[in-house]
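J.: I am attaching a structure below and will ask some questions about it afterwards.
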Amino acid sequence: MVMVHKDEIVNLWPQIAPHFQRVLERNQDTITPKAFYDRCVRGDYLIIVATRGDEIMMAMASELVTCDTGKKILLIPQLSGYDMSEWLNSLVAQLYRIADELGCFKVMICGARKGWAKEMIQHGGYVDTVTVEFDVKANIAKYKD
């Protein structure tokens, strides 16, 4: 498990980008690949990768969010990888440590698929809310006057 310094993003991007590409394609209406890349290079996101030799198996972007109440959340909007059994324990331990060091009361993974959520529950995670999405263009005709 390695935290990638923002100055290393440009050099590692060819290896990291394919992981994020899958997630960005699912979220193409909310963030562009360029905007995401720019945020990574600026250091807006903390990037963590899991490696096996020179191979990157997992890439994760996280950011510190301060709520209106002053409480902090370690938010994970992008997480993608394979062979989860090889890195999940280390990732969860690192997330707990980072969140604690930053004074966070919660870690939130956004958009986790059901299989991932099931694995995270075994590490103290829980499913708090479900996101319901409506495709406006596909359904608006039913609701117009």
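The way I read the labels, and the way they are meant: chains A, B, ... in the order of the structure tokens, residue 1 as the first residue of every chain, and ligand 1 as the first ligand shown, with later ones counted on from there.
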Which polymer residues have any atom within 8 Å of an atom of Met1 in chain A, counting only C-alpha atoms, with same-chain residues fewer than 2 positions away left out, as a list in words?

T.: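 The residues that qualify are Met3, Ile48, Val49, Ala50, Thr51, Trp87, Ser90 and Leu91 of chain A.
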
J.: Limited to N, CA and C atoms, could you put the picked residues into a file as a short mmCIF file (atom, residue, chain, number, x, y, z; two decimals), in the first residue's frame?

T.:
```cif
data_model
loop_
_atom_site.label_atom_id
_atom_site.label_comp_id
_atom_site.auth_asym_id
_atom_site.auth_seq_id
_atom_site.Cartn_x
_atom_site.Cartn_y
_atom_site.Cartn_z
N MET A 3 1.13 5.53 -0.62
CA MET A 3 0.55 6.85 -0.89
C MET A 3 1.39 7.50 -1.97
N ILE A 48 -3.83 6.60 -3.26
CA ILE A 48 -3.21 5.42 -2.66
C ILE A 48 -3.31 4.30 -3.68
N VAL A 49 -2.23 3.54 -3.82
CA VAL A 49 -2.24 2.40 -4.72
C VAL A 49 -1.77 1.15 -3.98
N ALA A 50 -2.26 0.01 -4.42
CA ALA A 50 -1.77 -1.28 -3.94
C ALA A 50 -0.98 -1.90 -5.09
N THR A 51 0.18 -2.41 -4.77
CA THR A 51 1.05 -2.95 -5.81
C THR A 51 1.40 -4.41 -5.56
N TRP A 87 -5.16 -6.86 -0.96
CA TRP A 87 -4.88 -5.51 -0.48
C TRP A 87 -5.95 -4.92 0.43
N SER A 90 -5.02 -4.22 4.22
CA SER A 90 -4.06 -3.12 4.33
C SER A 90 -4.71 -1.78 4.04
N LEU A 91 -5.57 -1.75 3.02
CA LEU A 91 -6.25 -0.49 2.68
C LEU A 91 -7.13 -0.02 3.82
#
```

J.: May I have the residues within 8 Å of Leu46 in chain A as a PDB file with N, CA and C atoms, in the first residue's frame, using only C-alpha atoms and disregarding those fewer than 2 positions away in the same chain?

T.:
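What follows is the written file result-v5.pdb:
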```
ATOM      1  N   MET A   3       1.134   5.534  -0.622  1.00  0.00           N
ATOM      2  CA  MET A   3       0.546   6.848  -0.888  1.00  0.00           C
ATOM      3  C   MET A   3       1.391   7.502  -1.972  1.00  0.00           C
ATOM      4  N   VAL A   4       0.746   8.001  -2.992  1.00  0.00           N
ATOM      5  CA  VAL A   4       1.447   8.607  -4.119  1.00  0.00           C
ATOM      6  C   VAL A   4       1.488  10.117  -3.907  1.00  0.00           C
ATOM      7  N   HIS A   5       2.693  10.657  -3.816  1.00  0.00           N
ATOM      8  CA  HIS A   5       2.839  12.106  -3.674  1.00  0.00           C
ATOM      9  C   HIS A   5       2.380  12.780  -4.964  1.00  0.00           C
ATOM     10  N   LYS A   6       1.791  13.954  -4.826  1.00  0.00           N
ATOM     11  CA  LYS A   6       1.250  14.641  -6.011  1.00  0.00           C
ATOM     12  C   LYS A   6       2.306  14.865  -7.092  1.00  0.00           C
ATOM     13  N   CYS A  40      -5.868  15.531  -9.092  1.00  0.00           N
ATOM     14  CA  CYS A  40      -4.834  14.629  -8.570  1.00  0.00           C
ATOM     15  C   CYS A  40      -3.473  15.317  -8.561  1.00  0.00           C
ATOM     16  N   GLY A  43      -2.975  17.873  -5.933  1.00  0.00           N
ATOM     17  CA  GLY A  43      -2.952  17.354  -4.572  1.00  0.00           C
ATOM     18  C   GLY A  43      -4.284  17.488  -3.866  1.00  0.00           C
ATOM     19  N   ASP A  44      -5.348  17.803  -4.609  1.00  0.00           N
ATOM     20  CA  ASP A  44      -6.684  17.872  -4.006  1.00  0.00           C
ATOM     21  C   ASP A  44      -7.115  16.495  -3.512  1.00  0.00           C
ATOM     22  N   ILE A  48      -3.826   6.601  -3.255  1.00  0.00           N
ATOM     23  CA  ILE A  48      -3.209   5.418  -2.659  1.00  0.00           C
ATOM     24  C   ILE A  48      -3.311   4.295  -3.678  1.00  0.00           C
ATOM     25  N   ALA A  61      -8.676   7.340  -4.804  1.00  0.00           N
ATOM     26  CA  ALA A  61      -8.561   8.778  -4.562  1.00  0.00           C
ATOM     27  C   ALA A  61      -9.425   9.108  -3.354  1.00  0.00           C
ATOM     28  N   SER A  62      -8.874   9.903  -2.450  1.00  0.00           N
ATOM     29  CA  SER A  62      -9.657  10.323  -1.286  1.00  0.00           C
ATOM     30  C   SER A  62      -9.446  11.810  -1.065  1.00  0.00           C
ATOM     31  N   GLU A  63     -10.395  12.398  -0.362  1.00  0.00           N
ATOM     32  CA  GLU A  63     -10.273  13.816  -0.039  1.00  0.00           C
ATOM     33  C   GLU A  63     -10.871  14.077   1.335  1.00  0.00           C
TER      34      GLU A  63
END
```

J.: Can you tell me, as a ChimeraX atom specification, what residues are no more than 8 Å from range 73-79 of chain A when counting only C-alpha atoms, ignoring any on the same chain fewer than 6 positions away?

T.: /A:19-20,23,58-67,99,104-111

J.: A:Val92, A:Glu133, A:Asp7, A:Val41: which is nearest Glu119 in chain A, counting only C-alpha atoms?

T.: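 Ranked by minimum distance to Glu119 in chain A, first place goes to A:Val92.
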
J.: Counting only C-alpha atoms, which residue out of A:Ile9, A:Met57, A:Met120, A:Asp100 sits closest to Phe36 in chain A?

T.: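 Among the listed residues, the smallest separation from Phe36 in chain A belongs to A:Ile9.
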
J.: CA of Ile31 in chain A and CA of Met84 in chain A, how far apart in Å?

T.: 25.4 Å

J.: For a quick check of understanding, using only C-alpha atoms, which of A:Ala17, A:Ile47, A:Ala35, A:Val10 has the smallest distance to Leu95 in chain A?

T.: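 So, comparing all the options, the nearest one is A:Ile47.
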
J.: Using only C-alpha atoms for the distances, tell me which of A:Asn89, A:Asn11, A:Gln94, A:Asn139 is nearest to His123 in chain A.

T.: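 Nearest candidate to His123 in chain A out of A:Asn89, A:Asn11, A:Gln94, A:Asn139: A:Asn89.
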
J.: DSSP on the backbone, strand (DSSP E) only: what residues of chain A does that give? Format it as JSON, numbers by chain.

T.: {"A": [2, 3, 4, 46, 47, 48, 49, 50, 51, 52, 55, 56, 57, 58, 59, 60, 61, 62, 63, 64, 65, 66, 72, 73, 74, 75, 76, 77, 78, 79, 80, 81, 104, 105, 106, 107, 108, 109]}

J.: For C-alpha atoms, I'd like the residues from the last selection saved as a PDB file, in the first residue's frame.

T.:
```pdb
ATOM      1  CA  VAL A   2       1.634   3.219  -1.161  1.00  0.00           C
ATOM      2  CA  MET A   3       0.546   6.848  -0.888  1.00  0.00           C
ATOM      3  CA  VAL A   4       1.447   8.607  -4.119  1.00  0.00           C
ATOM      4  CA  LEU A  46      -4.751  11.767  -1.789  1.00  0.00           C
ATOM      5  CA  ILE A  47      -3.933   8.855  -4.093  1.00  0.00           C
ATOM      6  CA  ILE A  48      -3.209   5.418  -2.659  1.00  0.00           C
ATOM      7  CA  VAL A  49      -2.235   2.396  -4.724  1.00  0.00           C
ATOM      8  CA  ALA A  50      -1.770  -1.284  -3.940  1.00  0.00           C
ATOM      9  CA  THR A  51       1.050  -2.946  -5.810  1.00  0.00           C
ATOM     10  CA  ARG A  52       2.303  -6.421  -6.627  1.00  0.00           C
ATOM     11  CA  GLU A  55       1.939  -3.903 -11.103  1.00  0.00           C
ATOM     12  CA  ILE A  56      -0.711  -1.564  -9.676  1.00  0.00           C
ATOM     13  CA  MET A  57      -3.683  -3.689  -8.569  1.00  0.00           C
ATOM     14  CA  MET A  58      -5.753  -0.924  -6.965  1.00  0.00           C
ATOM     15  CA  ALA A  59      -5.956   2.848  -7.127  1.00  0.00           C
ATOM     16  CA  MET A  60      -7.969   5.041  -4.791  1.00  0.00           C
ATOM     17  CA  ALA A  61      -8.561   8.778  -4.562  1.00  0.00           C
ATOM     18  CA  SER A  62      -9.657  10.323  -1.286  1.00  0.00           C
ATOM     19  CA  GLU A  63     -10.273  13.816  -0.039  1.00  0.00           C
ATOM     20  CA  LEU A  64     -10.843  15.492   3.285  1.00  0.00           C
ATOM     21  CA  VAL A  65     -14.286  17.058   3.579  1.00  0.00           C
ATOM     22  CA  THR A  66     -15.207  19.409   6.399  1.00  0.00           C
ATOM     23  CA  LYS A  72     -14.514  15.889   9.067  1.00  0.00           C
ATOM     24  CA  ILE A  73     -15.045  12.976   6.694  1.00  0.00           C
ATOM     25  CA  LEU A  74     -12.458  11.089   4.675  1.00  0.00           C
ATOM     26  CA  LEU A  75     -14.370  10.791   1.402  1.00  0.00           C
ATOM     27  CA  ILE A  76     -13.431   8.222  -1.227  1.00  0.00           C
ATOM     28  CA  PRO A  77     -15.082   9.117  -4.532  1.00  0.00           C
ATOM     29  CA  GLN A  78     -12.888   6.867  -6.705  1.00  0.00           C
ATOM     30  CA  LEU A  79     -11.760   3.309  -5.924  1.00  0.00           C
ATOM     31  CA  SER A  80     -10.970   0.617  -8.454  1.00  0.00           C
ATOM     32  CA  GLY A  81      -8.937  -2.556  -8.456  1.00  0.00           C
ATOM     33  CA  CYS A 104     -12.251  12.451  10.844  1.00  0.00           C
ATOM     34  CA  PHE A 105     -15.274  10.886  12.479  1.00  0.00           C
ATOM     35  CA  LYS A 106     -16.131   8.837   9.394  1.00  0.00           C
ATOM     36  CA  VAL A 107     -14.777   7.315   6.196  1.00  0.00           C
ATOM     37  CA  MET A 108     -17.250   7.281   3.298  1.00  0.00           C
ATOM     38  CA  ILE A 109     -16.824   5.342   0.066  1.00  0.00           C
TER      39      ILE A 109
END
```

J.: For the structure I just gave you, how does DSSP split range 66-96 of chain A - specifically, which residues are alpha helix (DSSP H)? Reply as a ChimeraX atom specification.

T.: /A:88-96
